[in-house]
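Asks: Sharing a structure, written as structure tokens. Questions coming.
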Amino acid sequence: MLHLLQYLPETTVMYEHQGLEADFLDWKEMRKLPLDSEERKRKIIGRCNWYMFSSAAIRGYEYQDILAFYTMCLATDVDYPPKQNEPNARLAAKPPEEFLAKYHKAYRPESKPYIHHQDLVPAETIRKTLSDAWEKWQNVSTKARQFEAAIDSIPKPHRIKKVVCLGLGSILTPTRLPNEETSTPGPGNRIYARNIAQHLAAIALVKVLEKKTGRKIPLYTADPEYGAEHRMALSTLPFGKFIVLDPSYGRHEQFIMIDDTTLVFNMAVLPQCPAMRIIQEYARPVAIIAKEVPMEGPFQDRLWFEVTEEDGTKVQVPGCALLPEPEPHLVGRCPKRVRDMIVSDYKMQKNFPAEENKSIQFEWGASDLIDYTGRDRYTASIGAYWFWDTRLYVRQDGLAGRLQKLGLV
């Protein structure tokens with residue numbers, strides 16, 4: 001862990017808070033607090049704990065098998081009572097920890113899900129995979145040039161002091177345990193095209209910003225899928241290093257790092273990590289790369305929900321992690337307050353190179369950044385660069401920004 005600790009900022013190392021914050025954070029009050037203040041950390045972590053209380057990914061390996069809990073979630077009412085849109089201080093004071101442990105279990109050792117979640121592919125292999133893809137990013141990819149041009153067009157880039165990435169995913173995961181005897185040919189790992197593209201894009205955008213601003217810009221990333229090998233690989237890349245933060249329950253270091261001087265690259269998966277609704281409460285980042293925010297409803301800001309055990313016992317659960325996504329998925333669990341933030345303070349950059357059509361995100365062999373030789377659908381994921389509805393939003397500051405949004409300047 002020494003290689004990681006030398007990169008972590010003093011503002012986040014070793015700070016942990018297990019409490020839940022039931023009330024909305026006040027953005028105007030939060031921005032007055034210093035980045036490294038204990039009050040700011042406690043409030044943000046408490047809010048993250050609330051939203052991701054039942055998130056298996058954030059809770060860790062002992063909570064990964066959530067079939068029984070998710071089955072109960074499927075039975076929750078879509079037309080839920082309005083009170084579930086309101087803070088629940090009683091639930092924050094006494095969250096159902098024993099209930100959570102009862103229905104979240106560890107995967108059975110050597111089962112396929114267990115193997116998939118082990119970070120067993122060596123760091124050197126991950127590094128080489130990313131390095132090979134970086135060569136293609138520089139010399140082959142047309143979309144890479146389009147992406148860099150979109151970043152280059154961000155007005156007033158000096159506002160960006162850091163980049164924080166959320167949920168960029170694993171590069172390689174094992175398909176079998178080390179030394180496992182198998183008659184199945186193949187590389188023994190699964191490669192993730194979209195995740196590779198997103199990591200390279202993060203490095204590329206930092207290089208563009210550093211060239212424009214003339215200063216170093218730290219690049220942070222956090223994903224519960226990173227194990228020791230991924231942390232080592234990402235923090236020692238020869239062409240651009242990540243500072244890997246701890247996203248675990250009670251720490252949420254990536255959210256602590258986000259403030260009004262940040263570019264956020266948000267690929268976190270809903271509803272496990274509802275990043276936009278969390279960020280809306282305490283920060284207005286300079287720019288956000290994320291799933292498109294819907295301009296029309298229906299909207300949903302469900303803060304807690306209720307499940308029923310087999311014996312009829314009803315249990316209230318904080319947050320929204322593992323709740324099935326309501327239709328339509330584009331709107332999903334987006335609150336109107338997130339939409340209002342985008343409308344009021346941001347402008348969508350039209351030159352961001354979204355995927356040409358929705359089907360590409362489901363295509364196999366679509367990426368020009370990886371070598372598919374010797375791989376099949378089991379050992380290489382679908383997709384190319386990002387999801388089809390990924391967008392770039394840039395904050396519009398002051399009167400000039402307001403007039404630009406109205407098309408008056």
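Labels for the structure tokens follow display order: chains A, B, ..., residues from 1 in each chain, ligands from 1.
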Write out as a PyMOL selection string which residues come within 10 Å of Ile289 (chain A) when counting only C-alpha atoms, dropping same-chain ones fewer than 6 positions away.

Replies: chain A and resi 165+263-267+348+352+390-394

Asks: Would you list the contacts of Gly297 (chain A) as an mmCIF file with all heavy atoms, in the first residue's frame, taking every protein, DNA or RNA residue within 9 Å and counting only C-alpha atoms, but skipping same-chain residues closer than 3 positions in sequence?

Replies:
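Okay, this is what ended up in result-v2.cif:
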```
data_model
loop_
_atom_site.group_PDB
_atom_site.id
_atom_site.type_symbol
_atom_site.label_atom_id
_atom_site.label_comp_id
_atom_site.auth_asym_id
_atom_site.auth_seq_id
_atom_site.Cartn_x
_atom_site.Cartn_y
_atom_site.Cartn_z
ATOM 1 N N PRO A 294 -32.131 14.261 -17.949
ATOM 2 C CA PRO A 294 -33.374 14.527 -18.677
ATOM 3 C C PRO A 294 -33.909 15.925 -18.389
ATOM 4 O O PRO A 294 -33.830 16.410 -17.259
ATOM 5 C CB PRO A 294 -34.327 13.450 -18.153
ATOM 6 C CG PRO A 294 -33.797 13.119 -16.801
ATOM 7 C CD PRO A 294 -32.307 13.238 -16.900
ATOM 8 N N GLN A 300 -37.829 11.597 -10.030
ATOM 9 C CA GLN A 300 -38.001 10.844 -8.786
ATOM 10 C C GLN A 300 -36.868 11.180 -7.823
ATOM 11 O O GLN A 300 -35.706 11.197 -8.212
ATOM 12 C CB GLN A 300 -38.006 9.340 -9.077
ATOM 13 C CG GLN A 300 -38.316 8.497 -7.846
ATOM 14 C CD GLN A 300 -38.298 7.006 -8.147
ATOM 15 O OE1 GLN A 300 -37.425 6.273 -7.686
ATOM 16 N NE2 GLN A 300 -39.269 6.558 -8.930
ATOM 17 N N VAL A 331 -34.678 8.569 -17.727
ATOM 18 C CA VAL A 331 -35.003 9.388 -16.570
ATOM 19 C C VAL A 331 -34.542 8.682 -15.299
ATOM 20 O O VAL A 331 -33.915 9.257 -14.431
ATOM 21 C CB VAL A 331 -36.517 9.672 -16.515
ATOM 22 C CG1 VAL A 331 -36.859 10.437 -15.251
ATOM 23 C CG2 VAL A 331 -36.947 10.457 -17.750
ATOM 24 N N CYS A 334 -33.584 10.111 -11.550
ATOM 25 C CA CYS A 334 -33.083 11.481 -11.566
ATOM 26 C C CYS A 334 -34.051 12.421 -10.849
ATOM 27 O O CYS A 334 -35.202 12.532 -11.250
ATOM 28 C CB CYS A 334 -32.862 11.959 -13.003
ATOM 29 S SG CYS A 334 -32.253 13.660 -13.097
ATOM 30 N N PRO A 335 -33.601 13.119 -9.814
ATOM 31 C CA PRO A 335 -34.468 14.103 -9.162
ATOM 32 C C PRO A 335 -34.566 15.384 -9.991
ATOM 33 O O PRO A 335 -33.642 15.736 -10.726
ATOM 34 C CB PRO A 335 -33.752 14.387 -7.832
ATOM 35 C CG PRO A 335 -32.706 13.320 -7.700
ATOM 36 C CD PRO A 335 -32.345 12.921 -9.084
ATOM 37 N N LYS A 336 -35.663 16.094 -9.812
ATOM 38 C CA LYS A 336 -35.841 17.349 -10.529
ATOM 39 C C LYS A 336 -34.774 18.352 -10.112
ATOM 40 O O LYS A 336 -34.364 19.203 -10.920
ATOM 41 C CB LYS A 336 -37.236 17.907 -10.267
ATOM 42 C CG LYS A 336 -37.547 19.175 -11.066
ATOM 43 C CD LYS A 336 -38.979 19.612 -10.850
ATOM 44 C CE LYS A 336 -39.293 20.876 -11.673
ATOM 45 N NZ LYS A 336 -38.494 22.031 -11.231
#
```

Asks: What's around Leu322 (chain A) at 8 Å? Count only C-alpha atoms, leave out sequence neighbours fewer than 6 positions away in its own chain, and write the answer as a list in words.

Replies: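 In the requested format, the answer is Ser54, Ser55, Tyr70, Cys73, Pro271 and Gln272 of chain A.
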
Asks: Export, as an mmCIF file, in the first residue's frame, the selected residues with N, CA, C and O atoms.

Replies:
```cif
data_model
loop_
_atom_site.group_PDB
_atom_site.id
_atom_site.type_symbol
_atom_site.label_atom_id
_atom_site.label_comp_id
_atom_site.auth_asym_id
_atom_site.auth_seq_id
_atom_site.Cartn_x
_atom_site.Cartn_y
_atom_site.Cartn_z
ATOM 1 N N SER A 54 -27.248 0.283 1.258
ATOM 2 C CA SER A 54 -27.400 -1.134 0.899
ATOM 3 C C SER A 54 -26.639 -1.511 -0.365
ATOM 4 O O SER A 54 -26.874 -2.574 -0.940
ATOM 5 N N SER A 55 -25.708 -0.654 -0.806
ATOM 6 C CA SER A 55 -24.934 -0.943 -2.013
ATOM 7 C C SER A 55 -23.913 -2.041 -1.754
ATOM 8 O O SER A 55 -22.970 -1.871 -0.973
ATOM 9 N N TYR A 70 -32.297 -8.334 -3.191
ATOM 10 C CA TYR A 70 -32.774 -7.754 -4.441
ATOM 11 C C TYR A 70 -34.155 -8.292 -4.805
ATOM 12 O O TYR A 70 -34.983 -7.568 -5.370
ATOM 13 N N CYS A 73 -36.462 -6.199 -3.089
ATOM 14 C CA CYS A 73 -36.522 -4.881 -3.729
ATOM 15 C C CYS A 73 -37.438 -4.893 -4.943
ATOM 16 O O CYS A 73 -38.132 -3.907 -5.221
ATOM 17 N N PRO A 271 -28.562 2.141 -9.652
ATOM 18 C CA PRO A 271 -28.707 3.031 -8.504
ATOM 19 C C PRO A 271 -27.692 2.750 -7.393
ATOM 20 O O PRO A 271 -27.836 3.261 -6.293
ATOM 21 N N GLN A 272 -26.665 1.919 -7.687
ATOM 22 C CA GLN A 272 -25.668 1.601 -6.667
ATOM 23 C C GLN A 272 -24.981 2.861 -6.139
ATOM 24 O O GLN A 272 -24.713 2.992 -4.955
#
```

Asks: May I have the residues within 7 Å of Cys320 (chain A) as a PDB file with C-alpha atoms, in the first residue's frame, using only C-alpha atoms and disregarding those fewer than 6 positions away in the same chain?

Replies:
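This went into out.pdb:
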```
ATOM      1  CA  TYR A  51     -27.644   6.974  -0.316  1.00  0.00           C
ATOM      2  CA  MET A  52     -25.453   3.857  -0.590  1.00  0.00           C
ATOM      3  CA  PRO A 271     -28.707   3.031  -8.504  1.00  0.00           C
ATOM      4  CA  ARG A 302     -36.912   8.767  -3.391  1.00  0.00           C
ATOM      5  CA  LEU A 303     -34.771   9.006  -0.247  1.00  0.00           C
ATOM      6  CA  TRP A 304     -35.652   5.692   1.412  1.00  0.00           C
TER       7      TRP A 304
END
```

Asks: List the spatial neighbours of region 243-259 of chain A as a PyMOL selection string - criterion: any atom at most 8 Å away, only C-alpha atoms, same-chain residues fewer than 6 positions off excluded.

Replies: chain A and resi 4+7-8+12+15-19+31+35+40-41+44-46+48-49+52-53+58-60+164-166+218-224+231+234-235+279+282-285

Asks: Using only C-alpha atoms, find the one residue out of A:Ala150, A:Leu67, A:Val121, A:Val140 that sits nearest to His104 (chain A).

Replies: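 Checking each candidate against His104 (chain A), we get A:Leu67 as the closest.
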
Asks: Taking the backbone alone, and naming residues the way the document does, which bits of region 128-187 of chain A are strand (DSSP E or B) by DSSP, as a PyMOL selection string?

Replies: chain A and resi 162-166+172-174

Asks: Would you mind telling me which residue in A:Arg145, A:Arg194, A:His117, A:Lys102 lies nearest to Trp364 (chain A) when using only C-alpha atoms?

Replies: A:Arg194

Asks: Hey, which of A:Pro95, A:Arg176, A:Asp389, A:Gln396 ends up closest to Val343 (chain A)? Count only C-alpha atoms.

Replies: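 Looking at the shortest contact to Val343 (chain A), the residue is A:Gln396.
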
Asks: What gap, in Å, lies between CA of Ala366 (chain A) and CA of Gln349 (chain A)?

Replies: 24.6 Å

Asks: I'd like the neighbourhood of Thr313 (chain A) as a list in words, where a residue qualifies if any of its atoms comes within 12 Å (using only C-alpha atoms), though same-chain residues fewer than 6 positions away should be ignored.

Replies: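 Contacts, with the query itself left out: Met72, Phe99, Glu306 and Val307 of chain A.
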